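What follows is a single structure, written as C-alpha cells, with notes after it.
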Amino acid sequence: MGSLDTIFKAYDVRGVVPDELDAGVCRRIGAAFAVFAAAPTIAVARDMRASGQELSSAFAEGAMGQGVDVIDLGLASTDLLYFAAGRLDVPGAMFTASHNPARYNGVKLCLSGARPVGKDTGLDQIKALVADPPPPAAAAGTMRGQELIGEYAAHVRSFVDVGALRPLKVVADTANGMGGLVVPRVFEGLPYDLELLFPELDGNFPNHPPDPIQPENLKALQARVLDSGAHVGLAFDGDADRVFLVDEQAEPVSGSTTTAMVAKAMLEKHPGATIIHNLICSKAVPEIIRENGGTPVRTRVGHSYIKAVMAETDAVFGGEHSGHYYFRDNYRADSGLVAAVVLLELMGVAGKPLSELRKPFERYAMSGEINTQVDADPLAVIDRVAEAHGGADLDRTDGLTVDHGTWWFNLRPSNTEPLLRLNLEAPTRPECDAHVGEVLSLLRGSGEGQGG
C-alpha cells in the first residue's frame with residue numbers, strides 16, 4: 001500500500017498523473033467508494049485538467065461495476081459538486097487537484113448531503129477497499145448526464161437580497177480554472193460590471209498558478225483593479241471553492257478579515273447565531289462575532305472538522321484563514337462564490353470603499369503562514385518549542401498554540417510533508433516580525449532549515 005499512502009491525504013486523494021494516480025487506480029477508488037457510501041447513486045464531476053475526463057470516467061466505471069448508478073455532472077467547480085450532493089441527496093466525487101500544478105489530479109469525496117469524507121470519516125476505509133478490491137456486482141449500474149449549473153447559480157444568489165445590491169465594478173481572476181465557468185453564471189442578473197481575467201478553462205494554467213493565497217499570483221488582478229478603477233477584485237483557486245479579495249487600492253484582504261466581515265453580515269441576518277472559526281484565524285474574528293451578538297466556536301483547521309462542529313452547533317457560518325468559507329444553508333459546505341456575493345452585498349449596504357470598510361476588522365498584525373522544513377520528527381520539534389514557552393498558555397488542539405496574552409502563535413505539522421506551519425499574531429507589525437524571528441530561531445536551533 002506504499003503508493004496508496006502517497007496519494008491518500010488527510011482530506012482527499014491527490015497525486016501526479018500518471019505516475020501516482022492513473023485510470024486503474026481511479027477505477028478501484030470508484031468501486032471502493034461505491035461500497036463505502038452504500039448508496040444507489042453517486043454524482044461525479046471534474047475540473048478542467050487534461051486528465052480529468054479519463055480519470056473521472058474510470059472512477060464512474062468502478063462505481064457502476066458495483067451496481068451503482070452515476071450522475072455525470074461534467075465540468076464543475078467543487079462547490080457545485082457539493083451543491084449537487086446536497087440538492088440531490090447523493091454521495092459525490094469531484095476530480096480536481098485544486099491549486100496544485102497541472103501534472104496533478106485528485107478526487108474530493110463527500111457523502112449525501114455534502115457530508116465530508118476525510119481521513120477520520122471514511123478515507124482510511126476507502127483506502128483499505130482500494131488495496132483489497134471488492135468483487136463486481138451481479139448487475140452493473142448506469143450513467144446519465146445532468147445539468148445543475150443554473151440551479152447552483154440561483155442557489156448562490158439566494159444568499160443575498162438581489163434588490164438591495166448596488167452597482168459595482170468587479171474584476172475576477174479565475175486563473176484558467178473552473179471559476180471561468182461558474183462565476184459568469186452566478187453574476188447573471190446582478191448589477192455588477194464584471195470583468196474576467198484568464199476565464200479560458202486550461203488545466204495547464206498558462207498565466208499563473210491557480211493558488212491565490214500566494215501573493216505573486218495576485219499581481220495581475222491587482223494591476224487590473226487599479227487600471228480599471230474597480231471597486232473590488234476576486235481571486236479564485238483552480239476548482240473555484242476558495243476566494244481571496246483585493247480592495248480598490250489593490251491591497252489583499254486576509255482570510256481572517258474576510259471571515260470576520262462575512263460573520264458580521266451573517267449575524268445581521270441570523271441574530272445570535274453561532275459562528276465557527278479555525279484556530280489560526282485572527283483573535284479579531286471571535287471579538288467581532290461577540291460584538292455583533294454571535295457565539296464564536298473555535299475548531300481545528302480542516303473542512304471535515306469544521307463541518308462536523310457546524311452540525312453539532314447548528315452554526316450558520318464558518319471561516320478559515322486559508323480562504324474556505326462554509327454556510328449552513330449551503331449544506332455546511334464551503335463556497336467562495338457565496339462568500340463573494342455576501343461581501344458584495346455588504347459593500348453595497350455600507351456604501352463605503354472596501355479599503356475603509358475593512359479597517360475595523362483588522363486589529364492586529366499577522367505573519368501569514370510560514371512553512372519551515374524540518375529534518376527531525378516534527379512532533380519532537382513542537383515539544384521543544386512548548387518547553388521553551390512553558391510560561392504561556394499552551395493548547396494542543398491542533399499542533400501547538402502558544403498564547404502569551406498580547407501575542408500568540410500556532411505551530412502545526414503538515415499532513416503531507418516534513419514541514420511545520422507557523423502562524424503568529426501580535427499587536428503591531430514590528431512586534432509580529434520580532435516574535436516570528438524568535439520562533440524561527442528556535443526552530444533553526446533544533447537543526448532545521450527554513451523553507452518557502
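By convention in this document, the chains of the C-alpha cells carry letters A, B, ... by their order, each chain's residues are numbered from 1, and ligands are numbered from 1 in the order they are shown.
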Return as a tab-separated table the residues of segment 50-159 of chain A lying at most 12 Å from segment 318-331 of chain A, together with the closest atom-to-atom pair for each and the distance in Å to one decimal, counting only C-alpha atoms, with rows in chain order and ascending residue number.
residue	atom	partner	partner_atom	distance
A:Thr78	CA	A:His324	CA	11.8
A:Asp79	CA	A:Asn330	CA	9.1
A:Leu80	CA	A:Asn330	CA	10.3
A:Leu81	CA	A:Tyr331	CA	11.4
A:Tyr82	CA	A:Tyr331	CA	7.8
A:Phe83	CA	A:Asn330	CA	7.0
A:Ala84	CA	A:Tyr331	CA	10.0
A:Ala85	CA	A:Tyr331	CA	8.8
A:Gly86	CA	A:Tyr331	CA	5.9
A:Arg87	CA	A:Tyr331	CA	8.6
A:Leu88	CA	A:Tyr331	CA	11.4
A:Asp89	CA	A:Tyr331	CA	10.2
A:Cys110	CA	A:Tyr331	CA	11.4
A:Leu111	CA	A:Tyr331	CA	11.3
A:Ser112	CA	A:Tyr331	CA	9.9
A:Gly113	CA	A:Tyr331	CA	6.2
A:Ala114	CA	A:Tyr331	CA	6.2
A:Arg115	CA	A:Tyr331	CA	7.9
A:Pro116	CA	A:Tyr331	CA	10.5
A:Tyr152	CA	A:Asn330	CA	10.2
A:His155	CA	A:Asn330	CA	8.3
A:Val156	CA	A:Asn330	CA	8.5
A:Arg157	CA	A:Asn330	CA	11.5
A:Ser158	CA	A:Asp329	CA	9.8
A:Phe159	CA	A:Asp329	CA	8.5
- as an MDAnalysis selection string, list the residues of segment 293-370 of chain A assigned to helix (DSSP H, G or I) by DSSP on the backbone atoms of this structure. chainID A and resid 303:313 328:330 336:350 354:357 359:361
Requested in this report: Write down as a PyMOL selection string the residues belonging to segment 290-402 of chain A that are assigned strand (DSSP E or B) by DSSP computed on the backbone.
Outcome: chain A and resi 295-299+317-319+325-327+334+365-366+370-373+393-395+400-402
Each segment 352-405 of chain A residue no farther than 9 Å from segment 256-278 of chain A, nearest pair in Å, only C-alpha atoms, as JSON lines:
{"residue": "A:Leu357", "atom": "CA", "partner": "A:Met261", "partner_atom": "CA", "distance": 9.0}
{"residue": "A:Arg358", "atom": "CA", "partner": "A:Thr257", "partner_atom": "CA", "distance": 7.2}
{"residue": "A:Phe361", "atom": "CA", "partner": "A:Thr257", "partner_atom": "CA", "distance": 5.9}
{"residue": "A:Glu362", "atom": "CA", "partner": "A:Thr257", "partner_atom": "CA", "distance": 6.4}
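The closest residue to Gly106 of chain A, picked from A:Cys26, A:Ala172, A:Ile126, A:Val13 and counting only C-alpha atoms, is A:Val13.
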Contacts of Ala340 of chain A at 8 Å or less, counting only C-alpha atoms, minus same-chain residues fewer than 4 places along, as a PyMOL selection string? chain A and resi 234+243+336+344
Restricting the output to C-alpha atoms, write the selected residues as a short mmCIF file (atom, residue, chain, number, x, y, z; two decimals), in the first residue's frame.
data_model
loop_
_atom_site.label_atom_id
_atom_site.label_comp_id
_atom_site.auth_asym_id
_atom_site.auth_seq_id
_atom_site.Cartn_x
_atom_site.Cartn_y
_atom_site.Cartn_z
CA LEU A 234 -11.85 38.43 -6.60
CA VAL A 243 -11.78 33.13 -2.94
CA GLY A 336 -16.01 31.06 -2.36
CA LEU A 344 -20.53 42.47 -2.31
#
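With only C-alpha atoms taken into account, the protein and nucleic acid residues at most 12 Å from Val17 of chain A (excluding it and anything under 2 positions from it in its own chain) are Ile7, Arg14, Gly15, Asp19, Glu20, Leu21, Asp22, Ala23, Gly24, Val25, Cys26, Arg49, Ala50, Ser51, Gly52, Glu54, Leu55, Thr96, Ala97, Asn100, Pro101, Ala102, Arg103, Tyr104, Asn105 and Gly106 of chain A.
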Please produce a file of those selected residues containing N, CA, C and O atoms, as a tab-separated table (two decimals), in the first residue's frame.
chain	number	residue	atom	x	y	z
A	7	ILE	N	-0.87	8.88	-2.08
A	7	ILE	CA	-1.94	9.68	-2.68
A	7	ILE	C	-3.13	9.91	-1.76
A	7	ILE	O	-3.88	10.86	-1.97
A	14	ARG	N	-4.85	12.64	-3.89
A	14	ARG	CA	-4.20	13.58	-4.80
A	14	ARG	C	-2.82	13.04	-5.16
A	14	ARG	O	-2.12	12.50	-4.31
A	15	GLY	N	-2.43	13.19	-6.45
A	15	GLY	CA	-1.12	12.74	-6.86
A	15	GLY	C	-0.78	13.14	-8.28
A	15	GLY	O	-1.61	13.70	-9.01
A	19	ASP	N	2.01	8.91	-12.84
A	19	ASP	CA	2.98	8.19	-12.00
A	19	ASP	C	2.35	7.67	-10.71
A	19	ASP	O	2.62	6.55	-10.28
A	20	GLU	N	1.54	8.52	-10.06
A	20	GLU	CA	0.95	8.14	-8.78
A	20	GLU	C	-0.55	7.86	-8.89
A	20	GLU	O	-1.09	7.07	-8.10
A	21	LEU	N	-1.20	8.50	-9.84
A	21	LEU	CA	-2.65	8.38	-9.99
A	21	LEU	C	-2.97	8.16	-11.46
A	21	LEU	O	-2.63	8.99	-12.30
A	22	ASP	N	-3.61	7.03	-11.77
A	22	ASP	CA	-3.96	6.74	-13.16
A	22	ASP	C	-5.37	6.15	-13.21
A	22	ASP	O	-6.05	6.03	-12.18
A	23	ALA	N	-5.81	5.81	-14.40
A	23	ALA	CA	-7.17	5.32	-14.58
A	23	ALA	C	-7.42	4.03	-13.79
A	23	ALA	O	-8.51	3.84	-13.23
A	24	GLY	N	-6.42	3.15	-13.73
A	24	GLY	CA	-6.59	1.90	-12.99
A	24	GLY	C	-6.85	2.14	-11.52
A	24	GLY	O	-7.74	1.52	-10.91
A	25	VAL	N	-6.08	3.04	-10.92
A	25	VAL	CA	-6.28	3.37	-9.51
A	25	VAL	C	-7.65	4.03	-9.31
A	25	VAL	O	-8.38	3.71	-8.36
A	26	CYS	N	-8.02	4.94	-10.22
A	26	CYS	CA	-9.31	5.62	-10.08
A	26	CYS	C	-10.48	4.67	-10.22
A	26	CYS	O	-11.51	4.84	-9.56
A	49	ARG	N	-8.70	20.02	-15.82
A	49	ARG	CA	-7.39	19.39	-16.05
A	49	ARG	C	-7.49	18.35	-17.17
A	49	ARG	O	-8.50	17.66	-17.32
A	50	ALA	N	-6.41	18.23	-17.92
A	50	ALA	CA	-6.42	17.37	-19.11
A	50	ALA	C	-6.74	15.91	-18.77
A	50	ALA	O	-7.35	15.20	-19.57
A	51	SER	N	-6.34	15.47	-17.59
A	51	SER	CA	-6.56	14.07	-17.21
A	51	SER	C	-7.94	13.83	-16.61
A	51	SER	O	-8.30	12.69	-16.32
A	52	GLY	N	-8.72	14.88	-16.42
A	52	GLY	CA	-9.98	14.75	-15.69
A	52	GLY	C	-10.98	13.82	-16.33
A	52	GLY	O	-11.64	13.03	-15.65
A	54	GLU	N	-10.52	11.23	-18.41
A	54	GLU	CA	-10.13	9.82	-18.30
A	54	GLU	C	-10.28	9.30	-16.87
A	54	GLU	O	-10.83	8.21	-16.64
A	55	LEU	N	-9.82	10.08	-15.90
A	55	LEU	CA	-9.83	9.60	-14.52
A	55	LEU	C	-11.25	9.54	-13.96
A	55	LEU	O	-11.61	8.58	-13.28
A	96	THR	N	-10.34	16.87	-9.04
A	96	THR	CA	-9.61	18.13	-9.05
A	96	THR	C	-8.36	17.97	-8.20
A	96	THR	O	-8.31	17.15	-7.30
A	97	ALA	N	-7.35	18.78	-8.50
A	97	ALA	CA	-6.20	18.91	-7.61
A	97	ALA	C	-6.11	20.35	-7.12
A	97	ALA	O	-5.04	20.82	-6.74
A	100	ASN	N	-2.99	22.80	-7.10
A	100	ASN	CA	-1.72	22.15	-7.46
A	100	ASN	C	-1.38	22.32	-8.94
A	100	ASN	O	-2.26	22.60	-9.76
A	101	PRO	N	-0.11	22.14	-9.30
A	101	PRO	CA	0.30	22.28	-10.71
A	101	PRO	C	-0.41	21.31	-11.65
A	101	PRO	O	-1.05	20.34	-11.21
A	102	ALA	N	-0.25	21.55	-12.95
A	102	ALA	CA	-1.01	20.84	-13.97
A	102	ALA	C	-0.80	19.34	-13.95
A	102	ALA	O	-1.71	18.58	-14.33
A	103	ARG	N	0.36	18.87	-13.53
A	103	ARG	CA	0.64	17.43	-13.59
A	103	ARG	C	-0.13	16.64	-12.52
A	103	ARG	O	-0.13	15.41	-12.53
A	104	TYR	N	-0.78	17.33	-11.59
A	104	TYR	CA	-1.53	16.67	-10.53
A	104	TYR	C	-3.01	16.52	-10.90
A	104	TYR	O	-3.55	17.29	-11.68
A	105	ASN	N	-3.63	15.53	-10.27
A	105	ASN	CA	-5.08	15.46	-10.22
A	105	ASN	C	-5.45	14.73	-8.94
A	105	ASN	O	-4.56	14.24	-8.21
A	106	GLY	N	-6.73	14.65	-8.66
A	106	GLY	CA	-7.16	14.01	-7.43
A	106	GLY	C	-8.66	13.94	-7.37
A	106	GLY	O	-9.36	14.27	-8.34
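With only C-alpha atoms taken into account, the protein and nucleic acid residues at most 10 Å from Asp377 of chain A (excluding it and anything under 3 positions from it in its own chain) are A:Val374, A:Ala380, A:Val381, A:Ile382, A:Pro413, A:Pro418, A:Leu419.
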Written file, previous selection with N, CA and C atoms, as a CSV table (one decimal), in the first residue's frame:
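Ended up saving to part.csv:
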chain,number,residue,atom,x,y,z
A,374,VAL,N,11.7,20.6,8.2
A,374,VAL,CA,12.3,20.1,9.4
A,374,VAL,C,13.0,18.7,9.1
A,380,ALA,N,8.5,16.1,17.7
A,380,ALA,CA,9.5,16.4,18.7
A,380,ALA,C,9.9,17.8,18.7
A,381,VAL,N,10.0,18.4,17.5
A,381,VAL,CA,10.3,19.9,17.4
A,381,VAL,C,9.3,20.7,18.1
A,382,ILE,N,8.0,20.3,17.9
A,382,ILE,CA,6.9,21.0,18.6
A,382,ILE,C,7.0,20.9,20.1
A,413,PRO,N,2.1,20.6,12.2
A,413,PRO,CA,2.8,19.8,11.2
A,413,PRO,C,2.0,19.7,10.0
A,418,PRO,N,7.4,17.0,5.4
A,418,PRO,CA,8.1,17.3,6.6
A,418,PRO,C,8.2,18.8,6.9
A,419,LEU,N,7.1,19.4,7.1
A,419,LEU,CA,7.1,20.9,7.3
A,419,LEU,C,6.3,21.2,8.6
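With only C-alpha atoms as the atoms that count, the residue of A:Arg166, A:Arg27, A:Arg421, A:Lys219 with the shortest distance to Ala60 of chain A is A:Arg27.
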One residue among A:Pro191, A:Pro286, A:Gly150, A:Pro353 is nearest to Ala250 of chain A when using only C-alpha atoms, and that residue is A:Pro353
Fill in: Distance in Å - atom CA of Gly437 of chain A versus atom CA of Asp398 of chain A
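A separation of 22.1 Å between them.
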query = Got a sec: who's within 7 Å of Val170 of chain A, counting only C-alpha atoms, leaving out chain neighbours fewer than 6 positions off, as JSON, numbers by chain?
reply = {"A": [192, 193, 194, 195, 230, 231, 232, 233]}
For this session: For atom CA of Gly391 of chain A and atom CA of Thr406 of chain A, determine how far apart the two atoms are, in Å to one decimal place.
Result: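 About the pair atom CA of Gly391 of chain A and atom CA of Thr406 of chain A: they are 13.5 Å apart.
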As a compact mmCIF listing (two decimals) with all heavy atoms, in the first residue's frame, please: the residues near segment 427-432 of chain A (cut-off 9 Å, only C-alpha atoms, same-chain neighbours under 2 positions excluded).
# COMPACT_ATOMS: atom_id res chain seq x y z
N ARG A 363 -7.33 44.35 13.40
CA ARG A 363 -6.92 44.91 14.68
C ARG A 363 -5.51 44.54 15.09
O ARG A 363 -4.96 45.13 16.01
CB ARG A 363 -7.91 44.45 15.76
CG ARG A 363 -9.34 44.82 15.42
CD ARG A 363 -10.34 44.29 16.43
NE ARG A 363 -11.69 44.77 16.10
CZ ARG A 363 -12.76 44.51 16.84
NH1 ARG A 363 -12.64 43.79 17.94
NH2 ARG A 363 -13.94 44.99 16.47
N TYR A 364 -4.95 43.56 14.44
CA TYR A 364 -3.64 43.03 14.83
C TYR A 364 -2.80 42.77 13.59
O TYR A 364 -3.30 42.79 12.47
CB TYR A 364 -3.80 41.74 15.63
CG TYR A 364 -4.79 41.85 16.77
CD1 TYR A 364 -6.07 41.32 16.65
CD2 TYR A 364 -4.44 42.50 17.95
CE1 TYR A 364 -6.99 41.43 17.69
CE2 TYR A 364 -5.35 42.62 18.99
CZ TYR A 364 -6.63 42.09 18.86
OH TYR A 364 -7.53 42.22 19.87
N ALA A 365 -1.52 42.52 13.81
CA ALA A 365 -0.60 42.19 12.72
C ALA A 365 -0.40 40.68 12.69
O ALA A 365 -0.08 40.07 13.71
CB ALA A 365 0.73 42.90 12.91
N MET A 366 -0.59 40.09 11.50
CA MET A 366 -0.44 38.65 11.35
C MET A 366 0.74 38.32 10.44
O MET A 366 1.03 39.05 9.50
CB MET A 366 -1.72 38.02 10.78
CG MET A 366 -2.94 38.20 11.66
SD MET A 366 -4.34 37.18 11.10
CE MET A 366 -3.80 35.55 11.64
N SER A 367 1.38 37.19 10.71
CA SER A 367 2.56 36.78 9.94
C SER A 367 2.20 36.18 8.59
O SER A 367 3.02 36.18 7.67
CB SER A 367 3.36 35.75 10.74
OG SER A 367 2.61 34.54 10.88
N THR A 406 -0.68 39.04 24.88
CA THR A 406 -0.59 40.12 23.89
C THR A 406 -0.21 39.60 22.52
O THR A 406 -0.42 40.29 21.52
CB THR A 406 0.43 41.18 24.33
OG1 THR A 406 1.71 40.54 24.51
CG2 THR A 406 -0.01 41.85 25.62
N TRP A 407 0.38 38.41 22.45
CA TRP A 407 0.70 37.81 21.15
C TRP A 407 0.58 36.30 21.27
O TRP A 407 0.63 35.75 22.37
CB TRP A 407 2.10 38.23 20.68
CG TRP A 407 3.25 37.69 21.48
CD1 TRP A 407 3.68 38.15 22.70
CD2 TRP A 407 4.10 36.58 21.15
NE1 TRP A 407 4.75 37.40 23.14
CE2 TRP A 407 5.04 36.44 22.21
CE3 TRP A 407 4.18 35.72 20.07
CZ2 TRP A 407 6.03 35.46 22.21
CZ3 TRP A 407 5.17 34.73 20.05
CH2 TRP A 407 6.07 34.62 21.11
N LEU A 424 1.44 33.47 13.32
CA LEU A 424 1.69 34.27 14.51
C LEU A 424 0.97 35.61 14.40
O LEU A 424 0.87 36.18 13.31
CB LEU A 424 3.20 34.47 14.68
CG LEU A 424 3.71 35.13 15.96
CD1 LEU A 424 5.07 34.55 16.36
CD2 LEU A 424 3.81 36.64 15.84
N GLU A 425 0.49 36.10 15.54
CA GLU A 425 -0.21 37.39 15.57
C GLU A 425 0.25 38.19 16.78
O GLU A 425 0.44 37.65 17.87
CB GLU A 425 -1.72 37.15 15.63
CG GLU A 425 -2.53 38.44 15.58
CD GLU A 425 -4.02 38.16 15.49
OE1 GLU A 425 -4.58 37.55 16.45
OE2 GLU A 425 -4.64 38.53 14.48
N ALA A 434 9.28 40.62 15.03
CA ALA A 434 10.28 40.25 16.04
C ALA A 434 9.98 38.87 16.62
O ALA A 434 10.88 38.02 16.77
CB ALA A 434 10.32 41.29 17.15
N HIS A 435 8.70 38.63 16.94
CA HIS A 435 8.34 37.33 17.51
C HIS A 435 8.48 36.20 16.49
O HIS A 435 8.85 35.07 16.84
CB HIS A 435 6.91 37.37 18.06
CG HIS A 435 6.77 38.21 19.30
ND1 HIS A 435 7.59 38.07 20.40
CD2 HIS A 435 5.89 39.20 19.61
CE1 HIS A 435 7.23 38.92 21.33
NE2 HIS A 435 6.20 39.64 20.88
N VAL A 436 8.19 36.48 15.21
CA VAL A 436 8.42 35.48 14.17
C VAL A 436 9.89 35.09 14.14
O VAL A 436 10.24 33.91 14.07
CB VAL A 436 7.96 36.00 12.79
CG1 VAL A 436 8.52 35.12 11.66
CG2 VAL A 436 6.44 36.03 12.69
N GLY A 437 10.77 36.09 14.21
CA GLY A 437 12.21 35.82 14.23
C GLY A 437 12.61 34.94 15.41
O GLY A 437 13.44 34.03 15.28
